[in-house]
Amino acid sequence: MPKIKVATFNVNSVKARLPNLLVWLKEFAPDVVLLQEIKCMDDGFPRMEFEDAGYNIATHGQKTYNGVAILSKSPIEDVARGLPGDDTDVQARYIEGTVYGSVRVASIYLPNGNPVGTEKFTYKLNWMQRLRAHIKQQLFNDEIALWGGDYNVIPTDGDVWNVAAMKDDALMQPESRANFRAILHLGLTDALRSFHTQDHMYSFWDYQAGAWQKDHGFLIDHILCSPQAADRLTNAGIDKNPRGQEKASDHTPVWCEINV
DNA sequence: ATGCCAGGTAACACCTGA
């Protein structure tokens, strides 16, 4: 049975990251990539460069902020843009499509929510409830499905370098964690955690204060699997290599492999 | 207690991020 490697990567501007991304695609050779924070509109996405690297592309872009995309070596079918549940939401944070004929994938850029106590935090929690409702519906389709992205949630205290330093942050508020658990409890499997249980595995290190060099990071990028996808998981991990490069994103890819 | 760094936009400073 052939395997595909699916990775999620918050690139913090696809244009600024283009040279790094092209090197990473060649070296790591993912079959499907879920991108977040592309920070450009659909017509500004550097399509040709990715097509030349062997990928098909689906984008849901926005000027300056947010923006998500899917890259796949297979065609991408039945693309849907935007998270259902609020017609007034104009932020480009969700795209899904079918790859390799039968694998439903979504690229998620969940709102940050800082500072706590403002409408930004309320927006985050509402967005998480909309995401849960949408995933609940999607699960009735009994598909091989993966929801990967920047969830902007640190699931447990073991997923952060210093709990005290982050205690007031929206990423690890009890309400953020409860909503993340509520999504998992629909019956999803965290790909990384089905192969690695140790603490202090990070996917993000701030640009500031030498966080990367001191390993002051946290885990906020996750790939959640439907039961049908979980049954097909063969491996998962974090590729820390891109974070150590010049002109790196502040995130690094989280990935998994599934039989298709 | 605050800014640290980085990206984008529009302008030669400000906003946002996590």
# chains A, B, ... in the order shown; residues from 1 in each chain; ligands from 1
>>> select_by_dssp(residues="segment 76-248 of chain A", states="alpha helix (DSSP H)", output="MDAnalysis selection string")
chainID A and resid 119:139 163:166 174:184 227:230
>>> write_last_selection(atoms="N, CA and C atoms", output="compact mmCIF listing (two decimals), in the first residue's frame")
# COMPACT_ATOMS: atom_id res chain seq x y z
N GLU A 119 -12.34 41.07 22.43
CA GLU A 119 -13.16 40.41 21.41
C GLU A 119 -12.33 39.42 20.59
N LYS A 120 -11.00 39.59 20.61
CA LYS A 120 -10.15 38.63 19.89
C LYS A 120 -10.22 37.24 20.52
N PHE A 121 -10.25 37.21 21.84
CA PHE A 121 -10.35 35.92 22.53
C PHE A 121 -11.73 35.29 22.31
N THR A 122 -12.76 36.12 22.33
CA THR A 122 -14.12 35.63 22.05
C THR A 122 -14.20 35.06 20.64
N TYR A 123 -13.59 35.77 19.69
CA TYR A 123 -13.57 35.30 18.30
C TYR A 123 -12.89 33.93 18.21
N LYS A 124 -11.78 33.78 18.93
CA LYS A 124 -11.08 32.49 18.93
C LYS A 124 -12.00 31.37 19.43
N LEU A 125 -12.62 31.59 20.57
CA LEU A 125 -13.46 30.53 21.15
C LEU A 125 -14.65 30.22 20.26
N ASN A 126 -15.26 31.26 19.68
CA ASN A 126 -16.37 31.03 18.75
C ASN A 126 -15.90 30.25 17.52
N TRP A 127 -14.73 30.61 17.03
CA TRP A 127 -14.18 29.93 15.86
C TRP A 127 -13.94 28.45 16.16
N MET A 128 -13.47 28.16 17.37
CA MET A 128 -13.23 26.77 17.76
C MET A 128 -14.54 25.99 17.83
N GLN A 129 -15.61 26.65 18.28
CA GLN A 129 -16.91 25.95 18.34
C GLN A 129 -17.45 25.71 16.94
N ARG A 130 -17.22 26.66 16.04
CA ARG A 130 -17.62 26.45 14.64
C ARG A 130 -16.82 25.31 14.02
N LEU A 131 -15.52 25.26 14.34
CA LEU A 131 -14.68 24.18 13.81
C LEU A 131 -15.16 22.82 14.31
N ARG A 132 -15.49 22.77 15.60
CA ARG A 132 -15.98 21.50 16.16
C ARG A 132 -17.26 21.07 15.47
N ALA A 133 -18.18 22.01 15.26
CA ALA A 133 -19.45 21.67 14.61
C ALA A 133 -19.22 21.18 13.19
N HIS A 134 -18.28 21.82 12.49
CA HIS A 134 -18.01 21.43 11.11
C HIS A 134 -17.36 20.04 11.06
N ILE A 135 -16.40 19.80 11.92
CA ILE A 135 -15.74 18.49 11.94
C ILE A 135 -16.74 17.39 12.31
N LYS A 136 -17.63 17.70 13.26
CA LYS A 136 -18.65 16.73 13.66
C LYS A 136 -19.49 16.31 12.45
N GLN A 137 -19.85 17.29 11.63
CA GLN A 137 -20.62 16.97 10.42
C GLN A 137 -19.79 16.15 9.44
N GLN A 138 -18.53 16.57 9.25
CA GLN A 138 -17.67 15.89 8.28
C GLN A 138 -17.43 14.43 8.65
N LEU A 139 -17.42 14.15 9.95
CA LEU A 139 -17.12 12.79 10.39
C LEU A 139 -18.22 11.81 9.98
N VAL A 163 5.67 27.35 31.80
CA VAL A 163 4.23 27.55 32.04
C VAL A 163 3.96 28.94 32.60
N ALA A 164 4.80 29.37 33.53
CA ALA A 164 4.56 30.66 34.19
C ALA A 164 4.66 31.81 33.20
N ALA A 165 5.62 31.70 32.27
CA ALA A 165 5.83 32.77 31.30
C ALA A 165 4.65 32.92 30.36
N MET A 166 3.87 31.86 30.19
CA MET A 166 2.79 31.85 29.21
C MET A 166 1.41 31.77 29.85
N PRO A 174 -7.54 27.83 29.98
CA PRO A 174 -8.39 26.65 30.15
C PRO A 174 -9.48 26.55 29.09
N GLU A 175 -10.06 27.70 28.69
CA GLU A 175 -11.13 27.66 27.68
C GLU A 175 -10.60 27.22 26.31
N SER A 176 -9.39 27.65 25.98
CA SER A 176 -8.77 27.24 24.72
C SER A 176 -8.52 25.74 24.73
N ARG A 177 -7.97 25.26 25.84
CA ARG A 177 -7.67 23.83 25.96
C ARG A 177 -8.96 23.00 25.97
N ALA A 178 -9.98 23.49 26.63
CA ALA A 178 -11.23 22.73 26.70
C ALA A 178 -11.84 22.60 25.31
N ASN A 179 -11.79 23.66 24.53
CA ASN A 179 -12.32 23.59 23.16
C ASN A 179 -11.50 22.64 22.30
N PHE A 180 -10.19 22.64 22.48
CA PHE A 180 -9.33 21.72 21.73
C PHE A 180 -9.65 20.27 22.10
N ARG A 181 -9.81 20.03 23.39
CA ARG A 181 -10.18 18.67 23.84
C ARG A 181 -11.54 18.27 23.29
N ALA A 182 -12.46 19.22 23.26
CA ALA A 182 -13.81 18.91 22.76
C ALA A 182 -13.76 18.48 21.29
N ILE A 183 -12.84 19.06 20.55
CA ILE A 183 -12.66 18.64 19.15
C ILE A 183 -12.08 17.23 19.10
N LEU A 184 -11.02 17.00 19.89
CA LEU A 184 -10.43 15.66 19.94
C LEU A 184 -11.46 14.61 20.34
N PRO A 227 -11.05 8.67 12.37
CA PRO A 227 -10.72 7.27 12.68
C PRO A 227 -10.15 6.53 11.46
N GLN A 228 -10.72 6.80 10.28
CA GLN A 228 -10.25 6.11 9.07
C GLN A 228 -8.82 6.51 8.74
N ALA A 229 -8.45 7.76 9.02
CA ALA A 229 -7.07 8.20 8.81
C ALA A 229 -6.16 7.64 9.90
N ALA A 230 -6.64 7.65 11.13
CA ALA A 230 -5.83 7.15 12.25
C ALA A 230 -5.45 5.70 12.03
>>> residues_around(residues="segment 3-13 of chain B", least_positions_apart="6", cutoff="9 Å", atoms="only C-alpha atoms (C1' of nucleotides)", output="ChimeraX atom specification")
/A:12-13,16,39,63-65,206-210,249-250
>>> write_last_selection(atoms="C-alpha atoms", output="compact mmCIF listing (two decimals), in the first residue's frame")
# COMPACT_ATOMS: atom_id res chain seq x y z
CA ASN A 12 4.62 33.43 8.02
CA SER A 13 4.36 34.82 4.45
CA ALA A 16 9.13 35.82 2.22
CA LYS A 39 -0.28 36.58 3.78
CA LYS A 63 -4.30 40.62 1.85
CA THR A 64 -1.61 41.12 4.55
CA TYR A 65 -3.01 38.72 7.13
CA ASP A 206 9.52 33.12 18.89
CA TYR A 207 11.87 35.25 16.83
CA GLN A 208 12.61 37.29 19.94
CA ALA A 209 14.91 36.86 22.91
CA GLY A 210 16.90 33.98 21.38
CA SER A 249 9.50 31.01 9.75
CA ASP A 250 8.89 31.05 13.51
>>> residues_around(residues="Asp52 of chain A", least_positions_apart="3", cutoff="12 Å", atoms="only C-alpha atoms (C1' of nucleotides)", output="short mmCIF file (atom, residue, chain, number, x, y, z; two decimals) with C-alpha atoms, in the first residue's frame")
data_model
loop_
_atom_site.label_atom_id
_atom_site.label_comp_id
_atom_site.auth_asym_id
_atom_site.auth_seq_id
_atom_site.Cartn_x
_atom_site.Cartn_y
_atom_site.Cartn_z
CA LEU A 22 11.44 25.29 -2.23
CA LEU A 25 10.00 20.66 -0.49
CA LYS A 26 12.88 19.13 -2.39
CA PRO A 46 3.68 32.23 -6.40
CA ARG A 47 1.96 29.36 -8.19
CA MET A 48 4.49 28.77 -10.93
CA GLU A 49 7.35 28.10 -8.54
CA TYR A 55 2.72 20.45 -6.78
CA ASN A 56 -0.89 21.28 -7.49
CA ILE A 57 -2.23 24.24 -5.54
CA LYS A 73 1.51 16.14 -5.76
#
>>> residues_around(residues="Trp255 of chain A", least_positions_apart="2", cutoff="8 Å", atoms="only C-alpha atoms (C1' of nucleotides)", output="number ranges by chain")
A: 5-8, 192, 223, 236-239, 253, 257
>>> write_last_selection(atoms="N, CA and C atoms", output="PDB file, in the first residue's frame")
ATOM      1  N   LYS A   5       3.095  11.352   2.664  1.00  0.00           N
ATOM      2  CA  LYS A   5       3.561  12.171   3.783  1.00  0.00           C
ATOM      3  C   LYS A   5       2.833  13.507   3.713  1.00  0.00           C
ATOM      4  N   VAL A   6       2.134  13.831   4.792  1.00  0.00           N
ATOM      5  CA  VAL A   6       1.361  15.072   4.877  1.00  0.00           C
ATOM      6  C   VAL A   6       1.994  15.952   5.946  1.00  0.00           C
ATOM      7  N   ALA A   7       2.266  17.216   5.596  1.00  0.00           N
ATOM      8  CA  ALA A   7       2.880  18.125   6.558  1.00  0.00           C
ATOM      9  C   ALA A   7       2.051  19.392   6.682  1.00  0.00           C
ATOM     10  N   THR A   8       2.068  19.986   7.873  1.00  0.00           N
ATOM     11  CA  THR A   8       1.459  21.302   8.071  1.00  0.00           C
ATOM     12  C   THR A   8       2.564  22.288   8.430  1.00  0.00           C
ATOM     13  N   LEU A 192       0.748  13.252  15.933  1.00  0.00           N
ATOM     14  CA  LEU A 192       2.059  13.272  16.604  1.00  0.00           C
ATOM     15  C   LEU A 192       2.015  12.427  17.875  1.00  0.00           C
ATOM     16  N   ILE A 223      -1.858  17.875  13.751  1.00  0.00           N
ATOM     17  CA  ILE A 223      -2.615  17.185  12.701  1.00  0.00           C
ATOM     18  C   ILE A 223      -3.577  16.219  13.391  1.00  0.00           C
ATOM     19  N   ALA A 236       4.734   9.766  12.433  1.00  0.00           N
ATOM     20  CA  ALA A 236       4.500  11.206  12.561  1.00  0.00           C
ATOM     21  C   ALA A 236       5.692  11.832  13.252  1.00  0.00           C
ATOM     22  N   GLY A 237       5.843  13.137  13.096  1.00  0.00           N
ATOM     23  CA  GLY A 237       6.978  13.784  13.746  1.00  0.00           C
ATOM     24  C   GLY A 237       6.986  15.281  13.521  1.00  0.00           C
ATOM     25  N   ILE A 238       8.064  15.886  13.967  1.00  0.00           N
ATOM     26  CA  ILE A 238       8.294  17.314  13.765  1.00  0.00           C
ATOM     27  C   ILE A 238       9.632  17.455  13.049  1.00  0.00           C
ATOM     28  N   ASP A 239       9.635  18.177  11.946  1.00  0.00           N
ATOM     29  CA  ASP A 239      10.879  18.429  11.212  1.00  0.00           C
ATOM     30  C   ASP A 239      11.439  19.777  11.666  1.00  0.00           C
ATOM     31  N   PRO A 253       7.592  22.548  10.453  1.00  0.00           N
ATOM     32  CA  PRO A 253       6.531  21.616  10.048  1.00  0.00           C
ATOM     33  C   PRO A 253       6.305  20.449  11.014  1.00  0.00           C
ATOM     34  N   GLU A 257       2.573  10.284   8.214  1.00  0.00           N
ATOM     35  CA  GLU A 257       2.497   9.417   7.036  1.00  0.00           C
ATOM     36  C   GLU A 257       1.285   8.512   7.166  1.00  0.00           C
TER      37      GLU A 257
END
>>> residues_around(residues="Leu224 of chain A", least_positions_apart="6", cutoff="8 Å", atoms="only C-alpha atoms (C1' of nucleotides)", output="PyMOL selection string")
chain A and resi 146-148+184+188-191
>>> residues_around(residues="Leu171 of chain A", least_positions_apart="3", cutoff="8 Å", atoms="only C-alpha atoms (C1' of nucleotides)", output="ChimeraX atom specification")
/A:112-113,152-154,176,220 /B:18
